[in-house]
Structure formats: structure tokens, C-alpha cells
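A.B. asks: Take a look at structure_18.txt, compact mmCIF, C-alpha atoms:
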```txt
# COMPACT_ATOMS: atom_id res chain seq x y z
CA MET Z 863 54.87 29.46 -89.23
CA LYS Z 864 52.78 28.55 -86.23
CA SER Z 865 53.81 31.78 -84.48
CA GLN Z 866 52.88 33.78 -87.59
CA LYS Z 867 49.45 32.10 -87.66
CA SER Z 868 48.91 33.01 -84.00
CA LYS Z 869 49.70 36.65 -84.74
CA ILE Z 870 46.85 36.64 -87.25
CA VAL Z 871 44.32 34.68 -85.15
CA LEU Z 872 44.75 36.51 -81.84
CA PRO Z 873 43.50 39.98 -82.91
CA VAL Z 874 40.47 38.33 -84.53
CA LEU Z 875 39.75 36.40 -81.33
CA LEU Z 876 40.06 39.62 -79.31
CA SER Z 877 37.18 41.04 -81.35
CA PHE Z 878 34.90 38.43 -79.76
CA PHE Z 879 35.81 39.84 -76.36
CA VAL Z 880 34.76 43.26 -77.68
CA ILE Z 881 31.51 41.69 -78.95
CA SER Z 882 30.67 40.74 -75.35
CA PHE Z 883 30.51 44.39 -74.27
CA VAL Z 884 26.92 44.70 -75.52
CA ASP Z 885 25.89 42.37 -72.69
CA LEU Z 886 26.42 45.31 -70.33
CA VAL Z 887 22.81 46.23 -71.17
CA GLY Z 888 21.71 44.50 -67.97
CA THR Z 889 24.17 46.54 -65.93
CA GLY Z 890 22.89 49.72 -67.58
CA VAL Z 891 19.34 48.82 -66.58
CA ASP Z 892 20.32 48.06 -62.98
CA GLU Z 893 22.46 51.17 -62.53
CA LEU Z 894 19.89 53.60 -63.90
CA LYS Z 895 17.18 51.92 -61.86
CA GLN Z 896 19.23 52.56 -58.73
CA ASN Z 897 20.22 56.13 -59.61
CA SER Z 898 17.07 57.51 -61.25
CA ASN Z 899 13.30 57.46 -60.99
CA THR Z 900 12.84 56.04 -64.47
CA PRO Z 901 10.06 53.38 -64.57
CA GLU Z 902 11.26 49.80 -64.95
CA TYR Z 903 9.51 49.28 -68.28
CA LEU Z 904 11.17 52.38 -69.77
CA LEU Z 905 14.57 51.08 -68.72
CA GLN Z 906 13.95 48.14 -71.06
CA LEU Z 907 14.48 50.62 -73.89
CA ILE Z 908 18.20 50.06 -73.23
CA PRO Z 909 18.24 46.44 -74.52
CA PHE Z 910 15.76 47.49 -77.22
CA VAL Z 911 18.08 50.10 -78.75
CA ALA Z 912 21.03 47.70 -78.41
CA PHE Z 913 19.46 44.74 -80.21
CA ILE Z 914 16.98 46.18 -82.72
CA TRP Z 915 19.92 46.80 -85.07
CA PHE Z 916 20.26 43.08 -85.71
CA PHE Z 917 16.93 43.26 -87.53
CA LEU Z 918 17.79 46.44 -89.40
CA LEU Z 919 21.47 46.02 -90.30
CA SER Z 920 22.40 42.32 -90.53
CA VAL Z 921 21.74 41.74 -94.22
CA PRO Z 922 22.94 45.22 -95.35
CA ALA Z 923 26.15 44.66 -93.36
CA GLY Z 924 26.65 41.33 -95.11
CA ILE Z 925 26.23 42.93 -98.53
CA TRP Z 926 28.61 45.75 -97.56
CA GLN Z 927 31.10 43.20 -96.29
CA ALA Z 928 31.09 41.40 -99.64
CA LYS Z 929 32.13 44.66 -101.29
CA ILE Z 930 34.92 45.95 -99.03
CA GLY Z 931 36.07 42.87 -97.09
CA LYS Z 932 35.50 41.32 -93.66
CA LYS Z 933 38.49 42.85 -91.88
CA ARG Z 934 37.61 46.41 -92.87
CA VAL Z 935 33.98 45.96 -91.86
CA LEU Z 936 35.02 44.40 -88.54
CA ASN Z 937 37.37 47.28 -87.80
CA VAL Z 938 34.70 49.89 -88.55
CA ALA Z 939 32.36 48.03 -86.17
CA ILE Z 940 34.99 47.96 -83.41
CA LEU Z 941 35.49 51.72 -83.81
CA ILE Z 942 31.73 52.35 -83.54
CA THR Z 943 31.70 50.25 -80.36
CA THR Z 944 34.61 52.27 -78.96
CA VAL Z 945 32.73 55.54 -79.48
CA GLY Z 946 29.66 54.06 -77.78
CA LEU Z 947 31.68 53.07 -74.73
CA PHE Z 948 32.92 56.63 -74.24
CA VAL Z 949 29.56 58.38 -74.84
CA PRO Z 950 28.51 58.01 -71.14
CA VAL Z 951 31.14 60.62 -70.27
CA LEU Z 952 28.31 63.02 -71.18
CA GLY Z 953 26.21 61.91 -68.21
CA ASN Z 954 24.41 59.14 -66.33
CA THR Z 955 20.97 59.84 -67.81
CA LEU Z 956 18.63 57.64 -69.82
CA PRO Z 957 19.02 59.60 -73.10
CA VAL Z 958 22.83 59.43 -72.91
CA ILE Z 959 22.84 55.73 -72.06
CA LEU Z 960 20.36 55.04 -74.88
CA VAL Z 961 22.72 56.72 -77.37
CA ALA Z 962 25.66 54.75 -75.94
CA PHE Z 963 23.94 51.39 -76.23
CA SER Z 964 22.55 52.25 -79.67
CA LEU Z 965 26.14 52.63 -80.85
CA LEU Z 966 27.14 49.45 -79.02
CA GLY Z 967 24.26 47.66 -80.74
CA ILE Z 968 25.21 48.95 -84.20
CA GLY Z 969 28.84 47.99 -83.66
CA ASN Z 970 27.90 44.61 -82.23
CA THR Z 971 25.60 43.76 -85.13
CA ILE Z 972 28.26 44.51 -87.73
CA MET Z 973 30.96 42.74 -85.69
CA GLN Z 974 28.93 39.54 -85.47
CA VAL Z 975 28.34 39.60 -89.22
CA ALA Z 976 32.08 39.97 -89.93
CA ALA Z 977 33.96 38.29 -87.06
CA ASN Z 978 32.76 34.70 -87.50
CA PRO Z 979 33.56 34.35 -91.23
CA LEU Z 980 36.85 36.23 -90.76
CA LEU Z 981 37.89 33.77 -88.05
CA VAL Z 982 37.11 30.90 -90.42
CA ASP Z 983 39.32 32.59 -93.02
CA VAL Z 984 42.38 32.71 -90.75
CA VAL Z 985 42.32 29.11 -89.47
CA SER Z 986 42.44 25.80 -91.28
CA ASP Z 987 39.15 24.17 -92.29
CA LYS Z 988 39.74 21.29 -89.86
CA LYS Z 989 40.08 23.71 -86.93
CA ALA Z 990 37.25 26.07 -87.85
CA SER Z 991 34.63 24.51 -85.53
CA SER Z 992 37.08 24.37 -82.64
CA PHE Z 993 38.03 28.04 -83.00
CA LEU Z 994 34.38 29.09 -83.36
CA SER Z 995 33.66 27.35 -80.05
CA LEU Z 996 36.69 29.07 -78.53
CA SER Z 997 35.37 32.43 -79.74
CA GLN Z 998 32.06 31.85 -77.94
CA PHE Z 999 33.98 30.93 -74.80
CA ILE Z 1000 35.93 34.21 -75.03
CA LYS Z 1001 32.68 36.12 -75.53
CA SER Z 1002 31.20 34.40 -72.46
CA VAL Z 1003 34.25 35.38 -70.38
CA GLY Z 1004 33.71 39.01 -71.35
CA SER Z 1005 30.01 38.81 -70.57
CA MET Z 1006 30.74 37.28 -67.17
CA ILE Z 1007 33.28 39.86 -65.99
CA GLY Z 1008 31.39 42.86 -67.42
CA PRO Z 1009 29.07 43.38 -64.42
CA PHE Z 1010 32.04 43.00 -62.04
CA VAL Z 1011 34.07 45.61 -63.94
CA ALA Z 1012 31.13 48.03 -63.89
CA ALA Z 1013 30.23 47.45 -60.22
CA VAL Z 1014 33.71 47.16 -58.67
CA VAL Z 1015 36.42 48.33 -61.07
CA GLY Z 1016 34.35 51.29 -62.26
CA PRO Z 1017 33.99 52.89 -58.79
CA PHE Z 1018 37.66 52.11 -58.07
CA LEU Z 1019 38.76 53.97 -61.20
CA ALA Z 1020 36.35 56.80 -60.41
CA ASN Z 1021 37.99 57.13 -57.01
CA LEU Z 1022 41.45 57.26 -58.60
CA PHE Z 1023 40.28 60.21 -60.69
CA ASN Z 1024 38.64 61.83 -57.63
CA TYR Z 1025 35.16 61.54 -59.16
CA GLU Z 1026 32.48 61.47 -56.46
CA GLY Z 1027 29.26 61.92 -58.46
CA ALA Z 1028 26.63 59.37 -59.49
CA GLY Z 1029 27.24 56.79 -62.17
CA THR Z 1030 30.72 55.61 -61.22
CA TRP Z 1031 29.92 52.36 -63.09
CA ARG Z 1032 30.59 54.29 -66.32
CA PHE Z 1033 34.33 54.23 -65.61
CA GLY Z 1034 34.16 50.49 -66.27
CA LEU Z 1035 32.82 51.32 -69.74
CA TYR Z 1036 35.77 53.62 -70.34
CA LEU Z 1037 38.14 50.77 -69.47
CA PHE Z 1038 36.37 48.56 -72.00
CA GLY Z 1039 36.61 51.46 -74.46
CA ILE Z 1040 40.39 51.41 -74.15
CA ILE Z 1041 40.41 47.64 -74.76
CA SER Z 1042 38.15 48.13 -77.79
CA LEU Z 1043 40.42 50.84 -79.18
CA SER Z 1044 43.44 48.55 -78.68
CA SER Z 1045 41.60 45.83 -80.61
CA PHE Z 1046 40.99 48.31 -83.44
CA PHE Z 1047 44.67 49.22 -83.75
CA TRP Z 1048 45.88 45.61 -83.41
CA LEU Z 1049 43.56 44.40 -86.16
CA SER Z 1050 44.46 47.42 -88.34
CA VAL Z 1051 48.16 46.53 -88.40
CA THR Z 1052 47.54 42.80 -88.89
CA LYS Z 1053 47.79 41.61 -92.48
CA ILE Z 1054 45.00 39.13 -93.22
CA GLU Z 1055 44.44 37.33 -96.49
CA GLU Z 1056 40.72 36.69 -96.79
CA LYS Z 1057 39.38 33.71 -98.68
CA ALA Z 1058 37.74 34.34 -102.03
CA VAL Z 1059 34.02 35.12 -101.78
CA SER Z 1060 31.55 33.02 -103.77
CA GLU Z 1061 29.92 34.72 -106.71
CA GLU Z 1062 26.54 33.93 -105.17
CA LYS Z 1063 25.36 37.02 -103.31
CA VAL Z 1064 23.00 37.32 -100.40
CA SER Z 1065 20.23 39.85 -100.89
CA ILE Z 1066 17.35 41.03 -98.78
CA SER Z 1067 14.86 39.44 -101.19
CA SER Z 1068 16.64 36.06 -101.26
CA CYS Z 1069 16.64 35.98 -97.47
CA PHE Z 1070 12.97 36.78 -97.01
CA LYS Z 1071 11.88 34.32 -99.71
CA LEU Z 1072 13.23 31.53 -97.49
CA LEU Z 1073 10.63 32.37 -94.83
CA SER Z 1074 8.04 30.69 -97.05
CA ASN Z 1075 9.71 27.46 -95.92
CA ARG Z 1076 7.83 26.63 -92.68
CA TYR Z 1077 10.77 24.75 -91.13
CA ILE Z 1078 13.27 27.56 -91.71
CA ALA Z 1079 10.76 30.19 -90.55
CA LEU Z 1080 10.18 28.34 -87.26
CA MET Z 1081 13.91 27.82 -86.67
CA VAL Z 1082 14.50 31.54 -87.25
CA LEU Z 1083 11.77 32.24 -84.70
CA GLY Z 1084 13.67 29.91 -82.37
CA ILE Z 1085 16.72 32.19 -82.62
CA PHE Z 1086 14.43 35.18 -82.05
CA ALA Z 1087 13.11 33.49 -78.89
CA VAL Z 1088 16.38 32.25 -77.38
CA VAL Z 1089 18.20 35.57 -77.80
CA GLY Z 1090 15.16 37.26 -76.25
CA ILE Z 1091 15.36 34.86 -73.30
CA ASP Z 1092 19.09 35.44 -72.89
CA VAL Z 1093 18.89 39.25 -72.92
CA ALA Z 1094 15.69 39.34 -70.85
CA LEU Z 1095 17.34 37.29 -68.09
CA ASN Z 1096 20.46 39.46 -68.30
CA SER Z 1097 18.51 42.71 -67.92
CA ASN Z 1098 15.85 41.56 -65.42
CA ILE Z 1099 17.41 38.92 -63.18
CA GLY Z 1100 18.85 41.47 -60.72
CA THR Z 1101 15.47 43.15 -60.30
CA PHE Z 1102 13.77 39.78 -59.86
CA LEU Z 1103 16.17 38.61 -57.14
CA HIS Z 1104 15.81 41.93 -55.32
CA LEU Z 1105 12.01 42.11 -55.41
CA LYS Z 1106 11.20 38.43 -54.90
CA LEU Z 1107 13.81 37.38 -52.37
CA GLY Z 1108 14.94 40.69 -50.88
CA VAL Z 1109 18.49 40.32 -52.16
CA GLY Z 1110 20.29 43.66 -51.74
CA GLU Z 1111 20.45 45.71 -54.93
CA GLU Z 1112 24.25 45.64 -55.03
CA MET Z 1113 24.36 41.87 -54.47
CA ALA Z 1114 21.53 41.26 -56.96
CA LYS Z 1115 23.70 42.74 -59.71
CA TYR Z 1116 25.93 39.68 -59.42
CA GLY Z 1117 23.02 37.56 -60.66
CA LYS Z 1118 24.30 38.44 -64.12
CA SER Z 1119 27.81 37.25 -63.27
CA VAL Z 1120 26.38 33.92 -62.06
CA TYR Z 1121 24.35 33.70 -65.26
CA PHE Z 1122 27.32 34.43 -67.52
CA PHE Z 1123 29.71 32.18 -65.57
CA ALA Z 1124 27.31 29.28 -66.06
CA LYS Z 1125 26.95 30.26 -69.72
CA MET Z 1126 30.73 30.18 -70.08
CA VAL Z 1127 30.85 26.69 -68.56
CA GLY Z 1128 27.92 25.62 -70.73
CA THR Z 1129 29.48 26.74 -74.02
CA PHE Z 1130 32.78 25.07 -73.13
CA ALA Z 1131 31.07 21.81 -72.19
CA GLY Z 1132 28.77 22.01 -75.20
CA ALA Z 1133 31.70 22.24 -77.61
CA ILE Z 1134 33.01 18.94 -76.21
CA ILE Z 1135 29.67 17.12 -75.92
CA LEU Z 1136 28.56 18.03 -79.43
CA MET Z 1137 31.53 16.15 -80.88
CA LYS Z 1138 29.71 12.88 -80.08
CA TRP Z 1139 26.03 13.64 -79.38
CA ASP Z 1140 23.22 14.35 -81.80
CA PRO Z 1141 22.44 18.12 -81.83
CA ARG Z 1142 18.65 17.60 -81.79
CA LYS Z 1143 18.94 15.42 -78.71
CA ILE Z 1144 21.05 18.05 -76.96
CA LEU Z 1145 18.52 20.73 -77.97
CA ARG Z 1146 15.69 18.76 -76.34
CA ILE Z 1147 17.71 18.13 -73.17
CA SER Z 1148 18.87 21.75 -72.96
CA SER Z 1149 15.36 23.18 -73.29
CA ILE Z 1150 13.92 20.73 -70.72
CA VAL Z 1151 16.65 21.63 -68.21
CA ALA Z 1152 15.99 25.33 -68.72
CA ILE Z 1153 12.19 24.94 -68.42
CA LEU Z 1154 12.44 23.02 -65.15
CA ALA Z 1155 14.90 25.55 -63.70
CA VAL Z 1156 12.70 28.53 -64.67
CA VAL Z 1157 9.65 26.94 -63.04
CA ALA Z 1158 11.70 26.11 -59.93
CA LEU Z 1159 12.95 29.71 -59.74
CA ALA Z 1160 9.37 30.98 -59.92
CA PHE Z 1161 8.37 28.94 -56.87
CA THR Z 1162 11.49 29.09 -54.71
CA SER Z 1163 11.66 31.31 -51.64
CA ASN Z 1164 15.24 30.36 -50.75
CA GLU Z 1165 18.01 32.72 -51.79
CA ILE Z 1166 20.69 30.06 -52.25
CA SER Z 1167 18.34 27.93 -54.34
CA ALA Z 1168 17.52 30.96 -56.48
CA TRP Z 1169 21.19 31.58 -57.28
CA ILE Z 1170 21.57 27.89 -58.22
CA PHE Z 1171 18.50 27.96 -60.47
CA VAL Z 1172 19.82 31.06 -62.25
CA GLY Z 1173 22.99 29.11 -63.06
CA VAL Z 1174 21.05 26.04 -64.21
CA ILE Z 1175 18.85 28.16 -66.49
CA SER Z 1176 21.99 29.57 -68.07
CA LEU Z 1177 23.46 26.09 -68.55
CA GLY Z 1178 20.28 25.03 -70.31
CA VAL Z 1179 20.11 28.09 -72.55
CA SER Z 1180 23.84 28.45 -73.31
CA ASN Z 1181 24.03 26.16 -76.35
CA ILE Z 1182 20.57 26.67 -77.85
CA PHE Z 1183 21.66 29.42 -80.26
CA PRO Z 1184 24.53 27.43 -81.89
CA LEU Z 1185 22.37 24.28 -81.85
CA ILE Z 1186 19.49 25.85 -83.78
CA TYR Z 1187 21.93 27.56 -86.14
CA SER Z 1188 24.00 24.45 -86.87
CA ILE Z 1189 20.95 22.18 -87.24
CA THR Z 1190 19.28 24.49 -89.74
CA VAL Z 1191 22.39 25.20 -91.82
CA GLY Z 1192 23.19 21.48 -91.76
CA ASP Z 1193 19.75 20.71 -93.18
CA TYR Z 1194 20.06 23.37 -95.92
CA PRO Z 1195 23.80 23.82 -96.53
CA GLN Z 1196 23.20 25.19 -100.03
CA ARG Z 1197 21.25 28.12 -98.50
CA SER Z 1198 23.65 28.84 -95.64
CA ASN Z 1199 24.24 32.46 -96.66
CA GLU Z 1200 20.55 33.36 -96.62
CA ILE Z 1201 19.89 31.39 -93.44
CA SER Z 1202 22.80 33.13 -91.71
CA GLY Z 1203 21.38 36.51 -92.70
CA LEU Z 1204 17.94 35.64 -91.37
CA MET Z 1205 19.30 34.28 -88.10
CA MET Z 1206 21.45 37.33 -87.52
CA MET Z 1207 18.33 39.45 -88.01
CA ALA Z 1208 16.53 37.22 -85.49
CA ILE Z 1209 18.98 38.34 -82.79
CA SER Z 1210 16.68 41.37 -82.65
CA GLY Z 1211 14.60 39.23 -80.28
CA GLY Z 1212 16.93 40.72 -77.68
CA ALA Z 1213 15.26 44.07 -78.33
CA ILE Z 1214 11.68 42.84 -77.87
CA PHE Z 1215 11.45 40.28 -75.09
CA PRO Z 1216 13.31 42.13 -72.31
CA PHE Z 1217 10.69 44.87 -72.60
CA LEU Z 1218 7.85 42.30 -72.52
CA VAL Z 1219 9.40 40.44 -69.57
CA GLY Z 1220 9.90 43.68 -67.64
CA LEU Z 1221 6.31 44.72 -68.39
CA SER Z 1222 5.03 41.30 -67.30
CA MET Z 1223 6.86 41.66 -63.99
CA ASN Z 1224 4.90 44.87 -63.36
CA TYR Z 1225 1.66 42.88 -63.39
CA HIS Z 1226 2.96 39.80 -61.57
CA LEU Z 1227 6.46 39.18 -60.22
CA ASN Z 1228 6.61 35.73 -61.83
CA GLY Z 1229 4.99 36.96 -65.04
CA GLY Z 1230 8.31 37.37 -66.82
CA LEU Z 1231 9.33 33.83 -65.90
CA TRP Z 1232 6.10 32.41 -67.30
CA LEU Z 1233 6.75 34.21 -70.58
CA ILE Z 1234 10.27 32.78 -70.68
CA SER Z 1235 8.86 29.30 -69.95
CA ALA Z 1236 6.49 29.59 -72.91
CA LEU Z 1237 9.37 30.52 -75.21
CA LEU Z 1238 11.42 27.55 -73.97
CA ILE Z 1239 8.52 25.17 -74.59
CA PHE Z 1240 8.37 26.47 -78.16
CA ILE Z 1241 12.11 25.80 -78.53
CA PHE Z 1242 11.66 22.26 -77.17
CA PHE Z 1243 9.26 21.44 -79.98
CA LEU Z 1244 11.67 22.82 -82.58
CA ALA Z 1245 13.94 19.83 -81.88
CA ARG Z 1246 11.14 17.56 -83.12
CA LEU Z 1247 10.72 19.34 -86.47
CA SER Z 1248 11.79 17.76 -89.73
CA PRO Z 1249 13.09 19.78 -92.69
CA SER Z 1250 10.49 20.72 -95.28
CA LYS Z 1251 10.85 19.01 -98.61
```
Once more with this new file: its structure as C-alpha cells, please.

C.D. replies:
Amino acid sequence: MKSQKSKIVLPVLLSFFVISFVDLVGTGVDELKQNSNTPEYLLQLIPFVAFIWFFLLSVPAGIWQAKIGKKRVLNVAILITTVGLFVPVLGNTLPVILVAFSLLGIGNTIMQVAANPLLVDVVSDKKASSFLSLSQFIKSVGSMIGPFVAAVVGPFLANLFNYEGAGTWRFGLYLFGIISLSSFFWLSVTKIEEKAVSEEKVSISSCFKLLSNRYIALMVLGIFAVVGIDVALNSNIGTFLHLKLGVGEEMAKYGKSVYFFAKMVGTFAGAIILMKWDPRKILRISSIVAILAVVALAFTSNEISAWIFVGVISLGVSNIFPLIYSITVGDYPQRSNEISGLMMMAISGGAIFPFLVGLSMNYHLNGGLWLISALLIFIFFLARLSPSK
């Protein structure tokens, strides 16, 4: 029985690894910056086209999911992601990469809507929180190794196929495409019995009506901010390390791996700590740690210290998303469906803030860090809010 349960859970967990592929946006920015004359601020269109779909598709995907089922929606999303990962075979140009990451963004949005509730369906209620934490750990592992696969495995595979042109990093995407396609077929042949859906339906109007509640509106903005911070650091940290400290462009790419390794550690530790500690207290501590590390990074001139501060920022930021989500849903459990829809839409912050951070860096090298600091200060004060009556 236990073995049968594992056969059902494993393909669902693999989908969270596929979800992590969208975090290659930072690698796409770095690689095109190195191999083209595209202005830095235009390169931020890559995270924009990847994350704007959370605003446009989250609620419609949830409604669609209620009609045809979570597994089918998840599988369609994985297939869209697979296509996106193979699109760069058409070239290493900005238009091609924008199309690729648009498809990755569409697939990722729909996957995140479907994967979490499907995972809850296939595990016992007592183990749901544990498996959700495990899923975030798996996603963090994928995010951490992504830049390495693109920078090292990609050129190695290109060499095996005797490819000597520009954009060898794309071969790493093709490898991930094969993994994504494998996930699609594994989930397709796995029989999953989904739990009955409540008669209460989430609609666009019911979601937006909740924004009249000041507390919920601010917490949704908190998700908008923290995802923006996360993606902005992912897509800009390599450029920052190169320009500020003279770190070589190839070495600077590993700033993302440091960031995602620390995020992986942070999510694992957070899942343990949150069993005993108050979430609001952890939210305050996390935001303070991140603020101090961002300020320290802005003023440091030492390369080793900079790498450390990047890791500390990631540790601080790593649990803010699940903290804000769990706190808000815990305060309004009867409106969890609508709140989930709004917070998934708020992930679109990843489409806005990387562009603003990159633009700020054009005016002042530390400008992007000051913007990130302001967002973290806003998040700190969210921990002090009380639910509206």
C-alpha cells in the first residue's frame, strides 16, 4: 500500500522540479547580455514575459481546473513548458528567448495553480504540510542547479553534438525539456483519484471584491513585493557582482546558484522552525535579516563578503512567500479559495520589479538594492498588521 502511494506521489513531486525551470530567467538575461548588444533594461523583458501570466491566468486556470480536473490541467501545463524549453533551438536572439520564456511562464502559472492542490489530494491530511514543504525544497533544488546546467552542462552537450556557435547554454534547456517531457508521460500514466471539489466556486469577481479588505489587500501586495524581490535578485545579481566588484562574467553567473542554494537551505530550515515558532515572529525576523544583508551588500567592496551577503539575503527572503500566504489564509480560512487566487496573481510582481531594479541600476549601481530594501521594509510592517474585522 505504501509502495502504491509512492507511485502516485512521486510524479506529482517531479512536477515541482519542472516548476523550477522558470527560474532560468536570470540565466537568460546573463547569457543574452554576454552574447548580444541588447540594453540591460530591455533584457528585463525576459522575466516580464515569464511572470506577467500569473496576473492574467491564475484565476482563469483555477476555474478551468474545477471543470476538467487538477491532473489534466497540470499535464497540459507541463506540456506547454516542454515546448517552451525547446523553442530556443530557433536561435539565441531576444525575440526567440522571449517566446520561450513566455511559454515557460504560461506553463509555470498553470502548474502552480494545479500542482499544490493535487499534491494535497494524493497524501493524507496529516502529511499535507510536510509534503508541501518538501515540494518547495524540490523546487529550490531545481532552481539552484539550473544556472549550473546552463553554464556547464549546456556547453558540454553542445560539444558532444559538435555545435560551436553562440548560445551553447540553450542545450541545458533541451536537457530540462527532456525531463519535462518525461514528467508529462509519467503523470499521464499515473492513476490519481482527486478529492471532491466544493460546490463553492472561485470567480474573478469574488476574488477582486476581497481587495476592499485593507488587510488582505496589503498582504497580497506583500506577495507581489517578495516575488518581485526574488526574481529581481535572480535576474540582476550576476550583473551587480560583475559591475560593482569586478567579478568575471562567467563567475558572476554563479551568484544565482549561491542565492538558490541558500534558498534551498532556508526553505528546509523554515519547514522545521515553523512547527514551533509563531509565523508573524518569523516574518519579522526574516525581513530584518534580509534588509540588513541588502544594505551590507550595497556598501561592501569585498568579493567574499558580497557572496556571503547574497546567501544571507536569500535565507531571509526564502520563507516570506509561504509565511504571508499561510498567515493570511489562517486569518480568513473561509475565503481561502479567493485569497489563493489573488496571491497567485500577485506572483506577477516577478514581471514588474526586475525591470525596475535593472532600470534603477542604470542610474546608480546601488539603486536596485535600495528599491529592494524599500520593499523589504514594507514586508516587515506586514507582520505587525491585524486582520480587519

A.B. asks: I'd like the neighbourhood of Leu1105 in chain Z as an MDAnalysis selection string, where a residue qualifies if any of its atoms comes within 12 Å (using all atoms listed in the file), though same-chain residues fewer than 5 positions away should be ignored.

C.D. replies: chainID Z and resid 1098:1100 1110:1111 1114 1163 1165 1223:1224 1226:1228

A.B. asks: Put those residues in a file: C-alpha atoms, as an mmCIF file, in the coordinates of the input.

C.D. replies:
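Contents of result_36.cif, as written:
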```
data_model
loop_
_atom_site.group_PDB
_atom_site.id
_atom_site.type_symbol
_atom_site.label_atom_id
_atom_site.label_comp_id
_atom_site.auth_asym_id
_atom_site.auth_seq_id
_atom_site.Cartn_x
_atom_site.Cartn_y
_atom_site.Cartn_z
ATOM 1 C CA ASN Z 1098 15.850 41.560 -65.420
ATOM 2 C CA ILE Z 1099 17.410 38.920 -63.180
ATOM 3 C CA GLY Z 1100 18.850 41.470 -60.720
ATOM 4 C CA GLY Z 1110 20.290 43.660 -51.740
ATOM 5 C CA GLU Z 1111 20.450 45.710 -54.930
ATOM 6 C CA ALA Z 1114 21.530 41.260 -56.960
ATOM 7 C CA SER Z 1163 11.660 31.310 -51.640
ATOM 8 C CA GLU Z 1165 18.010 32.720 -51.790
ATOM 9 C CA MET Z 1223 6.860 41.660 -63.990
ATOM 10 C CA ASN Z 1224 4.900 44.870 -63.360
ATOM 11 C CA HIS Z 1226 2.960 39.800 -61.570
ATOM 12 C CA LEU Z 1227 6.460 39.180 -60.220
ATOM 13 C CA ASN Z 1228 6.610 35.730 -61.830
#
```

A.B. asks: Taking only C-alpha atoms into account, which of Z:Gly1004, Z:Ser1210, Z:Ile1150, Z:Gln998 comes nearest Ala1131 in chain Z?

C.D. replies: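 Selected residue with least distance to Ala1131 in chain Z: Z:Gln998.
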
A.B. asks: Calculate how many Å separate CA of Ile1144 in chain Z from CA of Asn1075 in chain Z, rounding to one decimal.

C.D. replies: 24.0 Å

A.B. asks: Can you pull out every residue within 7 Å of range 1079-1082 of chain Z, counting only C-alpha atoms, but drop anything in the same chain fewer than 5 positions away, and send it as JSON, numbers by chain?

C.D. replies: {"Z": [1073, 1186, 1204, 1205, 1208, 1244]}

A.B. asks: Within 6 Å of Gly946 in chain Z, counting only C-alpha atoms, which residues show up once you throw out same-chain ones fewer than 6 positions away? Write them as an MDAnalysis selection string, please.

C.D. replies: chainID Z and resid 962 965:966

A.B. asks: Would you mind listing what lies within 12 Å of Ile1166 in chain Z as a count of residues only, with all atoms listed in the file counted and same-chain residues fewer than 3 positions away left out?

C.D. replies: 13

A.B. asks: When you count only C-alpha atoms, which of these residues is closest to Leu1247 in chain Z: Z:Ile968, Z:Val938, Z:Leu1145, Z:Leu1233?

C.D. replies: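 Comparing Z:Ile968, Z:Val938, Z:Leu1145, Z:Leu1233 against Leu1247 in chain Z, the winner is Z:Leu1145.
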
A.B. asks: Nearest to Val880 in chain Z among Z:Ala923, Z:Leu947, Z:Ala1158, Z:Ile1175, with distances taken over all atoms listed in the file: which residue is it?

C.D. replies: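 Selected residue with least distance to Val880 in chain Z: Z:Leu947.
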
A.B. asks: Nearest to Trp1048 in chain Z among Z:Gly1220, Z:Pro1141, Z:Pro873, Z:Pro1249, with distances taken over all atoms listed in the file: which residue is it?

C.D. replies: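 Comparing Z:Gly1220, Z:Pro1141, Z:Pro873, Z:Pro1249 against Trp1048 in chain Z, the winner is Z:Pro873.
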
A.B. asks: Pick out the residues sitting within 12 Å of Ile1054 in chain Z, and hand them over as a VMD selection string; count all atoms listed in the file, and ignore anything fewer than 3 positions along from it in its own chain.

C.D. replies: chain Z and resid 866 to 874 931 to 934 980 to 985 1048 to 1051 1057

A.B. asks: To one decimal place, how far is CA of Gly1192 in chain Z from CA of Tyr1077 in chain Z in Å?

C.D. replies: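 CA of Tyr1077 in chain Z lies at a distance of 12.9 Å from CA of Gly1192 in chain Z.
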